[in-house]
$ cat input.cif   # mmCIF, C-alpha atoms
data_upload
loop_
_atom_site.label_atom_id
_atom_site.label_comp_id
_atom_site.auth_asym_id
_atom_site.auth_seq_id
_atom_site.Cartn_x
_atom_site.Cartn_y
_atom_site.Cartn_z
CA THR A 1 -69.53 83.39 17.87
CA GLU A 2 -68.89 79.66 17.57
CA LEU A 3 -66.68 78.32 14.79
CA TYR A 4 -66.78 74.56 14.22
CA ASP A 5 -64.27 72.64 12.16
CA SER A 6 -65.67 70.41 9.48
CA ILE A 7 -64.97 66.98 10.93
CA GLY A 8 -65.87 65.19 7.77
CA ASN A 9 -63.49 67.22 5.61
CA SER A 10 -60.77 64.88 4.31
CA ASP A 11 -58.06 67.57 4.16
CA LEU A 12 -58.67 68.53 7.81
CA CYS A 13 -58.75 72.23 7.02
CA GLY A 14 -60.35 74.18 9.85
CA SER A 15 -61.85 77.58 10.27
CA GLU A 16 -59.42 80.42 10.91
CA ILE A 17 -59.52 83.78 12.64
CA ILE A 18 -56.66 85.98 11.47
CA VAL A 19 -56.01 89.26 13.30
CA GLY A 20 -53.32 91.62 12.04
CA ARG A 21 -52.03 95.15 12.57
CA THR A 22 -49.59 97.32 10.73
CA ALA A 23 -45.93 96.59 11.52
CA SER A 24 -45.15 100.32 11.72
CA SER A 25 -47.35 100.81 14.77
CA SER A 26 -45.29 101.92 17.79
CA LYS A 27 -47.90 100.95 20.38
CA MET A 28 -48.57 97.55 21.85
CA SER A 29 -52.00 96.20 21.06
CA TYR A 30 -53.88 92.97 21.48
CA GLY A 31 -54.33 90.81 18.42
CA THR A 32 -57.53 89.43 19.84
CA ALA A 33 -59.15 90.57 23.08
CA ILE A 34 -61.47 88.06 24.77
CA ILE A 35 -63.27 89.35 27.84
CA ALA A 36 -65.59 87.13 29.87
CA ASP A 37 -68.62 88.56 31.63
CA GLY A 38 -67.58 88.70 35.26
CA THR A 39 -71.16 88.43 36.44
CA GLN A 40 -71.31 84.86 35.17
CA LYS A 41 -69.50 82.63 37.64
CA LEU A 42 -69.05 79.81 35.14
CA SER A 43 -67.85 81.95 32.26
CA ARG A 44 -64.47 81.37 30.67
CA ALA A 45 -62.37 83.97 28.92
CA LEU A 46 -61.36 81.34 26.39
CA ALA A 47 -62.67 77.79 26.07
CA ILE A 48 -61.01 75.41 23.64
CA GLN A 49 -62.42 71.96 22.95
CA GLN A 50 -60.94 69.72 20.30
CA PHE A 51 -62.85 66.87 18.68
CA ASP A 52 -61.33 64.62 16.09
CA GLY A 53 -63.95 61.92 15.92
CA SER A 54 -61.62 59.17 17.13
CA SER A 55 -59.58 58.14 20.16
CA ALA A 56 -56.39 59.61 18.71
CA THR A 57 -55.62 63.32 19.06
CA TRP A 58 -54.40 64.72 15.75
CA GLY A 59 -54.24 68.44 16.24
CA LYS A 60 -53.39 70.79 19.10
CA GLY A 61 -55.72 72.96 21.13
CA ILE A 62 -53.18 75.82 21.10
CA TYR A 63 -50.07 75.91 18.95
CA ALA A 64 -47.46 78.62 18.61
CA GLU A 65 -43.98 78.73 17.10
CA GLN A 66 -42.72 81.85 18.89
CA SER A 67 -43.77 82.95 22.41
CA ALA A 68 -46.51 80.45 23.04
CA ILE A 69 -48.70 82.17 25.65
CA GLY A 70 -48.46 85.49 27.46
CA ILE A 71 -50.88 85.77 30.38
CA ASP A 72 -51.58 88.59 32.83
CA ALA A 73 -53.88 87.18 35.50
CA SER A 74 -54.67 88.13 39.08
CA ASP A 75 -54.77 84.56 40.39
CA SER A 76 -53.80 81.59 38.21
CA PHE A 77 -51.92 81.80 34.94
CA ILE A 78 -52.97 78.33 33.82
CA GLU A 79 -55.53 76.03 35.37
CA LEU A 80 -56.63 72.63 34.12
CA LYS A 81 -59.37 71.53 36.47
CA ASP A 82 -58.36 68.57 38.67
CA TYR A 83 -55.07 68.21 36.77
CA PHE A 84 -52.72 71.17 36.83
CA ARG A 85 -52.50 74.76 38.05
CA VAL A 86 -49.89 77.51 37.73
CA LYS A 87 -50.40 80.55 39.97
CA ARG A 88 -48.95 83.96 39.38
CA ASP A 89 -46.57 83.57 42.37
CA GLY A 90 -44.84 80.71 40.55
CA THR A 91 -46.59 77.90 42.46
CA ILE A 92 -47.24 74.78 40.41
CA THR A 93 -49.94 72.52 41.84
CA GLY A 94 -50.66 69.02 40.61
CA GLY A 95 -54.06 67.47 40.33
CA ILE A 96 -55.83 64.70 42.16
CA SER A 97 -53.31 62.19 40.83
CA GLY A 98 -50.24 64.16 41.93
CA LEU A 99 -47.63 65.97 39.87
CA THR A 100 -45.15 64.30 37.53
CA LEU A 101 -42.25 66.04 35.80
CA GLN A 102 -41.06 63.79 33.00
CA ALA A 103 -38.40 64.68 30.46
CA GLY A 104 -39.10 63.90 26.85
CA GLY A 105 -36.76 62.73 24.16
CA SER A 106 -33.95 60.28 24.89
CA ASN A 107 -31.73 60.52 27.99
CA GLN A 108 -32.78 64.09 28.79
CA ASN A 109 -32.46 65.86 32.15
CA ILE A 110 -34.82 67.75 34.42
CA THR A 111 -33.11 70.84 35.85
CA LEU A 112 -34.28 72.85 38.86
CA ALA A 113 -32.18 76.02 38.88
CA PRO A 114 -32.84 78.70 41.54
CA SER A 115 -31.72 82.27 40.92
CA GLY A 116 -29.01 84.11 42.83
CA MET A 117 -28.67 82.78 46.38
CA GLY A 118 -32.01 80.99 46.19
CA SER A 119 -32.53 77.33 47.06
CA VAL A 120 -34.40 74.37 45.69
CA SER A 121 -36.87 73.62 48.50
CA LEU A 122 -38.94 70.45 48.81
CA THR A 123 -41.54 70.83 51.55
CA VAL A 124 -43.84 68.09 52.84
CA ASN A 125 -47.06 69.41 54.39
CA SER A 126 -48.39 66.44 56.32
CA LEU A 127 -49.40 65.61 59.87
CA SER A 128 -48.12 62.03 59.78
CA SER A 129 -45.24 60.00 58.43
CA ALA A 130 -44.95 61.42 54.94
CA VAL A 131 -41.84 61.03 52.81
CA GLY A 132 -40.18 64.24 51.68
CA MET A 133 -38.55 62.80 48.57
CA ILE A 134 -38.68 59.41 46.90
CA ILE A 135 -36.06 58.60 44.28
CA THR A 136 -36.84 55.43 42.35
CA VAL A 137 -34.28 54.05 39.93
CA PRO A 138 -35.81 51.46 37.59
CA ASN A 139 -33.90 48.31 36.82
CA PRO A 140 -31.98 49.53 33.76
CA ALA A 141 -29.63 47.68 31.49
CA ASN A 142 -26.82 49.60 33.16
CA GLU A 143 -26.78 48.24 36.70
CA VAL A 144 -24.58 51.07 38.01
CA ALA A 145 -27.30 53.70 37.66
CA VAL A 146 -27.21 56.36 40.39
CA GLY A 147 -30.34 57.22 42.34
CA LEU A 148 -29.09 60.62 43.50
CA ALA A 149 -25.89 62.36 42.43
CA ILE A 150 -24.84 65.57 44.20
CA GLU A 151 -21.91 67.47 42.72
CA GLN A 152 -20.51 70.26 44.87
CA TYR A 153 -18.18 72.81 43.29
CA SER A 154 -18.11 75.61 45.87
CA LYS A 155 -15.03 75.77 48.06
CA GLN A 156 -16.75 75.80 51.44
CA GLY A 157 -20.34 74.78 50.75
CA ASN A 158 -22.05 71.50 51.58
CA GLY A 159 -22.99 68.97 48.96
CA LEU A 160 -25.93 67.85 51.12
CA ASN A 161 -27.18 69.72 54.17
CA ILE A 162 -29.93 68.13 56.31
CA ASN A 163 -31.34 69.98 59.33
CA ASN A 164 -33.56 67.79 61.51
CA TYR A 165 -35.52 69.71 64.14
CA ASP A 166 -37.66 66.92 65.60
CA ILE A 167 -37.38 63.30 66.72
CA GLY A 168 -37.44 61.86 63.21
CA ASP A 169 -34.48 60.66 61.21
CA GLY A 170 -32.40 63.13 59.23
CA ILE A 171 -31.54 60.35 56.79
CA PHE A 172 -33.12 56.90 56.79
CA ILE A 173 -31.61 54.27 54.49
CA GLY A 174 -33.21 50.85 54.12
CA ASN A 175 -30.81 48.60 52.24
CA GLY A 176 -32.33 45.34 51.10
CA SER A 177 -29.68 44.16 48.65
CA ASN A 178 -26.03 43.23 48.73
CA GLY A 179 -24.88 46.79 48.14
CA TYR A 180 -24.06 49.56 50.58
CA GLY A 181 -26.55 51.81 52.32
CA ILE A 182 -23.95 54.58 52.04
CA ASN A 183 -20.82 54.27 49.89
CA ILE A 184 -18.34 57.14 50.27
CA PHE A 185 -15.46 57.19 47.81
CA ASN A 186 -13.12 59.80 49.24
CA GLY A 187 -10.77 61.35 46.72
CA TYR A 188 -12.77 60.04 43.76
CA SER A 189 -12.80 63.40 41.98
CA ASN A 190 -9.77 64.90 43.76
CA PRO A 191 -7.14 62.29 44.68
CA THR A 192 -4.97 64.96 46.37
CA GLY A 193 -7.73 66.20 48.67
CA THR A 194 -7.56 66.06 52.47
CA GLY A 195 -11.27 66.07 53.33
CA SER A 196 -13.31 63.56 55.30
CA GLY A 197 -15.81 61.01 54.11
CA ILE A 198 -18.05 61.64 57.14
CA ASN A 199 -17.73 64.59 59.50
CA VAL A 200 -20.02 64.72 62.53
CA PHE A 201 -20.07 68.10 64.28
CA ARG A 202 -22.10 67.91 67.49
CA TYR A 203 -23.52 70.92 69.32
CA ASP A 204 -25.51 69.25 72.11
CA ASN A 205 -25.62 66.05 74.16
CA SER A 206 -26.75 63.89 71.26
CA THR A 207 -24.77 60.96 69.90
CA GLY A 208 -22.50 61.74 66.96
CA ILE A 209 -22.80 58.33 65.26
CA GLN A 210 -24.96 55.48 66.56
CA ILE A 211 -24.93 51.98 65.07
CA SER A 212 -27.70 49.75 66.43
CA GLY A 213 -28.25 46.08 65.61
CA LYS A 214 -31.72 44.61 65.84
CA SER A 215 -32.16 41.55 68.06
CA GLY A 216 -31.83 38.41 65.98
CA SER A 217 -30.44 40.33 62.99
CA GLY A 218 -27.76 37.76 62.17
CA THR A 219 -24.05 37.43 62.80
CA ALA A 220 -22.67 40.12 60.49
CA ALA A 221 -20.62 42.90 62.09
CA LEU A 222 -22.25 46.25 62.81
CA LEU A 223 -19.12 48.09 61.71
CA VAL A 224 -16.52 46.82 59.24
CA LEU A 225 -13.40 48.79 58.28
CA ASN A 226 -11.57 47.45 55.25
CA GLN A 227 -8.21 49.07 54.65
CA ASP A 228 -6.82 48.29 51.20
CA SER A 229 -3.17 47.30 51.00
CA GLY A 230 -2.49 50.21 48.66
CA CYS A 231 -3.61 52.84 51.14
CA GLY A 232 -0.09 53.45 52.41
CA ASN A 233 0.37 54.18 56.10
CA ALA A 234 -3.05 55.69 56.65
CA SER A 235 -4.83 54.71 59.86
CA SER A 236 -8.09 52.78 59.69
CA ILE A 237 -9.43 54.70 62.70
CA THR A 238 -8.14 57.98 64.10
CA ILE A 239 -9.82 59.51 67.15
CA SER A 240 -8.83 63.07 67.98
CA ASP A 241 -10.28 64.24 71.28
CA ILE A 242 -9.64 67.54 73.03
CA ALA A 243 -12.27 67.14 75.77
CA PRO A 244 -10.33 67.56 79.05
CA THR A 245 -12.05 64.90 81.18
CA ALA A 246 -14.50 62.96 79.00
CA ASP A 247 -13.68 59.45 77.77
CA THR A 248 -12.37 59.34 74.22
CA PHE A 249 -13.58 55.82 73.41
CA VAL A 250 -16.29 54.00 75.36
CA ILE A 251 -17.71 50.50 74.89
CA SER A 252 -20.85 50.17 76.99
CA ASN A 253 -22.71 46.87 77.01
CA GLY A 254 -25.77 46.11 79.07
CA GLY A 255 -27.09 42.88 77.58
CA LYS A 256 -24.09 40.80 76.54
CA THR A 257 -23.72 37.48 78.36
CA SER A 258 -20.75 35.95 76.53
CA GLY A 259 -18.27 36.62 73.76
CA ASN A 260 -15.76 39.46 73.54
CA LEU A 261 -16.17 43.20 73.87
CA ILE A 262 -12.94 43.70 71.91
CA ASN A 263 -11.41 41.10 69.61
CA LEU A 264 -8.12 41.75 67.83
CA PHE A 265 -7.66 39.17 65.10
CA HIS A 266 -4.92 38.88 62.51
CA THR A 267 -4.65 36.33 59.73
CA THR A 268 -3.21 35.54 56.28
CA SER A 269 -0.27 37.96 56.12
CA THR A 270 2.99 38.06 58.07
CA MET A 271 2.94 40.71 60.77
CA THR A 272 5.85 42.08 62.80
CA GLY A 273 4.10 45.03 64.44
CA ASN A 274 2.22 45.34 67.72
CA GLY A 275 -1.19 44.11 68.70
CA ILE A 276 -1.62 47.18 70.90
CA LEU A 277 0.72 50.17 70.90
CA MET A 278 0.51 52.92 73.52
CA ASN A 279 2.68 55.97 73.00
CA LEU A 280 1.41 58.31 75.68
CA GLY A 281 3.09 61.53 76.69
CA TYR A 282 4.41 62.13 73.15
CA ASN A 283 5.66 65.72 73.05
CA SER A 284 3.85 66.24 76.36
CA SER A 285 3.74 64.55 79.77
CA PHE A 286 1.96 61.44 81.01
CA THR A 287 1.61 60.48 84.67
CA GLY A 288 -1.48 58.28 84.55
CA ASN A 289 -1.85 54.54 84.02
CA PHE A 290 -1.20 52.56 80.85
CA ILE A 291 -3.67 49.90 81.92
CA ARG A 292 -6.14 49.80 84.78
CA LEU A 293 -8.43 46.80 85.20
CA LEU A 294 -11.35 46.83 87.63
CA ASN A 295 -14.04 44.31 88.52
CA ASN A 296 -17.17 46.00 89.84
CA GLY A 297 -15.09 49.00 90.82
CA VAL A 298 -12.35 46.98 92.57
CA ALA A 299 -8.85 47.32 91.09
CA LYS A 300 -7.42 44.00 89.90
CA PHE A 301 -4.46 45.00 87.75
CA ASN A 302 -2.71 48.29 87.15
CA ILE A 303 0.35 49.44 85.19
CA ASN A 304 1.35 53.03 85.80
CA SER A 305 3.24 55.48 83.59
CA SER A 306 6.61 54.09 84.79
CA GLY A 307 5.65 50.56 83.74
CA TYR A 308 5.25 49.37 87.34
CA ILE A 309 2.52 46.95 88.36
CA THR A 310 0.94 48.71 91.31
CA THR A 311 -1.58 46.06 92.34
CA LEU A 312 -1.31 42.60 93.86
CA THR A 313 -0.22 40.31 91.01
CA LYS A 314 -1.68 36.83 90.86
CA ILE A 315 -0.63 34.23 88.32
CA ASN A 316 -3.10 31.39 88.69
CA LEU A 317 -3.06 28.37 86.40
CA ASN A 318 -5.65 26.56 88.50
CA ALA A 319 -9.30 26.26 87.55
CA THR A 320 -10.36 27.74 90.91
CA SER A 321 -9.15 30.68 92.94
CA PRO A 322 -6.36 29.82 95.40
CA PRO A 323 -6.69 30.60 99.11
CA SER A 324 -6.47 34.24 100.05
CA THR A 325 -3.12 35.79 100.79
CA GLY A 326 -1.94 37.95 103.61
CA ALA A 327 -1.61 41.72 103.45
CA ALA A 328 2.15 41.48 102.82
CA THR A 329 1.78 39.49 99.58
CA ILE A 330 2.49 41.32 96.34
CA LEU A 331 3.06 38.31 94.03
CA HIS A 332 0.95 35.17 94.22
CA LEU A 333 1.65 32.13 92.01
CA ALA A 334 -0.58 29.05 91.83
CA ASN A 335 -0.26 25.95 89.64
CA ILE A 336 -2.81 23.42 88.47
CA ASP A 337 -3.81 20.56 90.77
CA GLY A 338 -1.31 17.71 91.12
CA THR A 339 1.60 19.68 89.66
CA ASN A 340 4.62 20.98 91.55
CA SER A 341 5.05 24.76 91.62
CA GLN A 342 8.48 26.25 91.17
CA LEU A 343 10.11 29.56 90.45
CA LEU A 344 12.76 29.14 87.75
CA LEU A 345 15.51 31.67 87.06
CA ASP A 346 17.57 31.09 83.90
CA ALA A 347 21.03 32.59 83.49
CA PHE A 348 23.48 32.09 80.61
CA ALA A 349 27.19 32.46 81.26
CA ALA A 350 26.18 33.99 84.59
CA ILE A 351 24.97 32.94 88.02
CA PRO A 352 21.23 32.98 88.80
CA SER A 353 20.42 34.17 92.28
CA VAL A 354 17.67 35.27 94.63
CA LYS A 355 18.50 38.51 96.42
CA LEU A 356 16.76 39.84 99.50
CA ARG A 357 17.50 43.50 100.31
CA ARG A 358 16.34 45.61 103.21
CA ALA A 359 16.45 49.32 104.05
CA ASN A 360 14.89 51.21 106.90
CA ASN A 361 12.71 54.33 106.85
CA THR A 362 10.73 54.74 103.55
CA ALA A 363 11.22 54.08 99.84
CA ALA A 364 11.30 57.83 99.22
CA SER A 365 13.96 58.29 101.93
CA PRO A 366 15.67 54.98 102.73
CA SER A 367 18.20 54.63 105.58
CA ALA A 368 20.70 52.01 106.71
CA VAL A 369 19.55 48.97 108.64
CA SER A 370 20.23 48.79 112.37
CA ILE A 371 22.20 46.18 114.23
CA ASN A 372 20.38 42.87 114.76
CA ASN A 373 17.77 43.73 112.07
CA ILE A 374 16.71 40.70 110.02
CA ILE A 375 17.88 41.32 106.47
CA GLY A 376 15.65 38.72 104.83
CA GLN A 377 13.91 35.39 105.33
CA ILE A 378 12.21 32.57 103.46
CA ILE A 379 9.04 31.41 105.22
CA THR A 380 7.19 28.13 104.80
CA ASP A 381 3.54 27.87 105.71
CA SER A 382 0.86 25.20 105.75
CA TYR A 383 -2.89 25.36 105.18
#

$ encode --input "input.cif" --output "structure tokens"
Amino acid sequence: TELYDSIGNSDLCGSEIIVGRTASSSKMSYGTAIIADGTQKLSRALAIQQFDGSSATWGKGIYAEQSAIGIDASDSFIELKDYFRVKRDGTITGGISGLTLQAGGSNQNITLAPSGMGSVSLTVNSLSSAVGMIITVPNPANEVAVGLAIEQYSKQGNGLNINNYDIGDGIFIGNGSNGYGINIFNGYSNPTGTGSGINVFRYDNSTGIQISGKSGSGTAALLVLNQDSGCGNASSITISDIAPTADTFVISNGGKTSGNLINLFHTTSTMTGNGILMNLGYNSSFTGNFIRLLNNGVAKFNINSSGYITTLTKINLNATSPPSTGAATILHLANIDGTNSQLLLDAFAAIPSVKLRRANNTAASPSAVSINNIIGQIITDSY
């Protein structure tokens, strides 16, 4: 049976099929049962086509004020060919143009809420470089719009957990503006918290954090730490290392030809602290070296835990290296060309002096000098 609406009717009244049953009935029944002949492959249980005679759609194909549609199907609940499909397992499949979820009204949200301990899973099925999620924030009147906001309320859970099992990037951020690729405001919602902005927990031999600058990428610093004056006595960088033998901090450079590997620079304010402070052996013991300088594996300068310089010390103000010294030399001083060299000892309300002292045996077990031993001498030499 085909029922056609009267298109030319000015009051737009259509044909109606009204199916009713007595309200006192205790059994569930179908208001209207539509069964398609299964032998016809192109048959439809229900086909609805709406024509209004113009480009504007006035009415609705299906309209309900209570429960809109109840469907019991073996495959798909709803299928709009080439556009949309809802399967009975809950899978929603978009059409040839993709799938768009767009909230109506004004300033409304789209909520994905799993049940129980379930998760919201976004899976990309592709053999090449597909993007799992793209978040596009239009240019709104409010320039502080947020592309992705993650609010974590559980005590021990993760706001964002990314597991990368291949050689791709867990997170890739391309920042083309003057903003930040990542901006972490620690303590924003809990000023008394003690958490970390970034925590890298490494299980293998991979690098915890790697910052790489592209060749010719400008003169800006790869890493900038700005400590606000109101941050109290907090450290800009704290490295806690419990590895027994591994290096705590390593700067490895294979292509640098000039410049500085480390540059400590202070300006503007008045400073009374230390450029470098070493407090080793605090509440423990320290028997190593405060500073050890090597050139191609050869020791050039060393200060041990007692503050002693344990290498040959050369103070050279000349532009070239002075002639080599003998094996007995422990302090070598050289001045610039054409300038006299002198060793000056200042004393105030006291007598400056040069003292030569000798003992026999060893430094660990010294003994008295013997008769006729030379106590000390000043030697002159020529080149």

$ atom_distance --input "input.cif" --atom1 "CA of Thr270 in chain A" --atom2 "CA of Leu225 in chain A"
19.6 Å

$ atom_distance --input "input.cif" --atom1 "CA of Ile291 in chain A" --atom2 "CA of Ala363 in chain A"
23.7 Å

$ residues_around --input "input.cif" --residues "range 279-282 of chain A" --least-positions-apart "4" --cutoff "12 Å" --atoms "only C-alpha atoms" --output "PyMOL selection string"
chain A and resi 274+286-291+304-307

$ resolve_selection --input "input.cif" --expression "the PyMOL selection byres ((chain A and resi 101) around 12)" --output "ChimeraX atom specification"
/A:84,92-94,98-100,102-104,108-112

$ atom_distance --input "input.cif" --atom1 "CA of Asn318 in chain A" --atom2 "CA of Gly338 in chain A"
10.2 Å

$ residues_around --input "input.cif" --residues "range 249-251 of chain A" --least-positions-apart "5" --cutoff "12 Å" --atoms "all atoms listed in the file" --output "PyMOL selection string"
chain A and resi 237-241+243+256+260-262

$ closest_residue --input "input.cif" --among "A:Phe185, A:Ala347, A:Gly179, A:Tyr383" --to "Pro322 in chain A" --atoms "only C-alpha atoms"
A:Tyr383

$ resolve_selection --input "input.cif" --expression "the PyMOL selection byres ((chain A and resi 293) around 12)" --output "VMD selection string"
chain A and resid 289 to 292 294 to 304 309 to 313
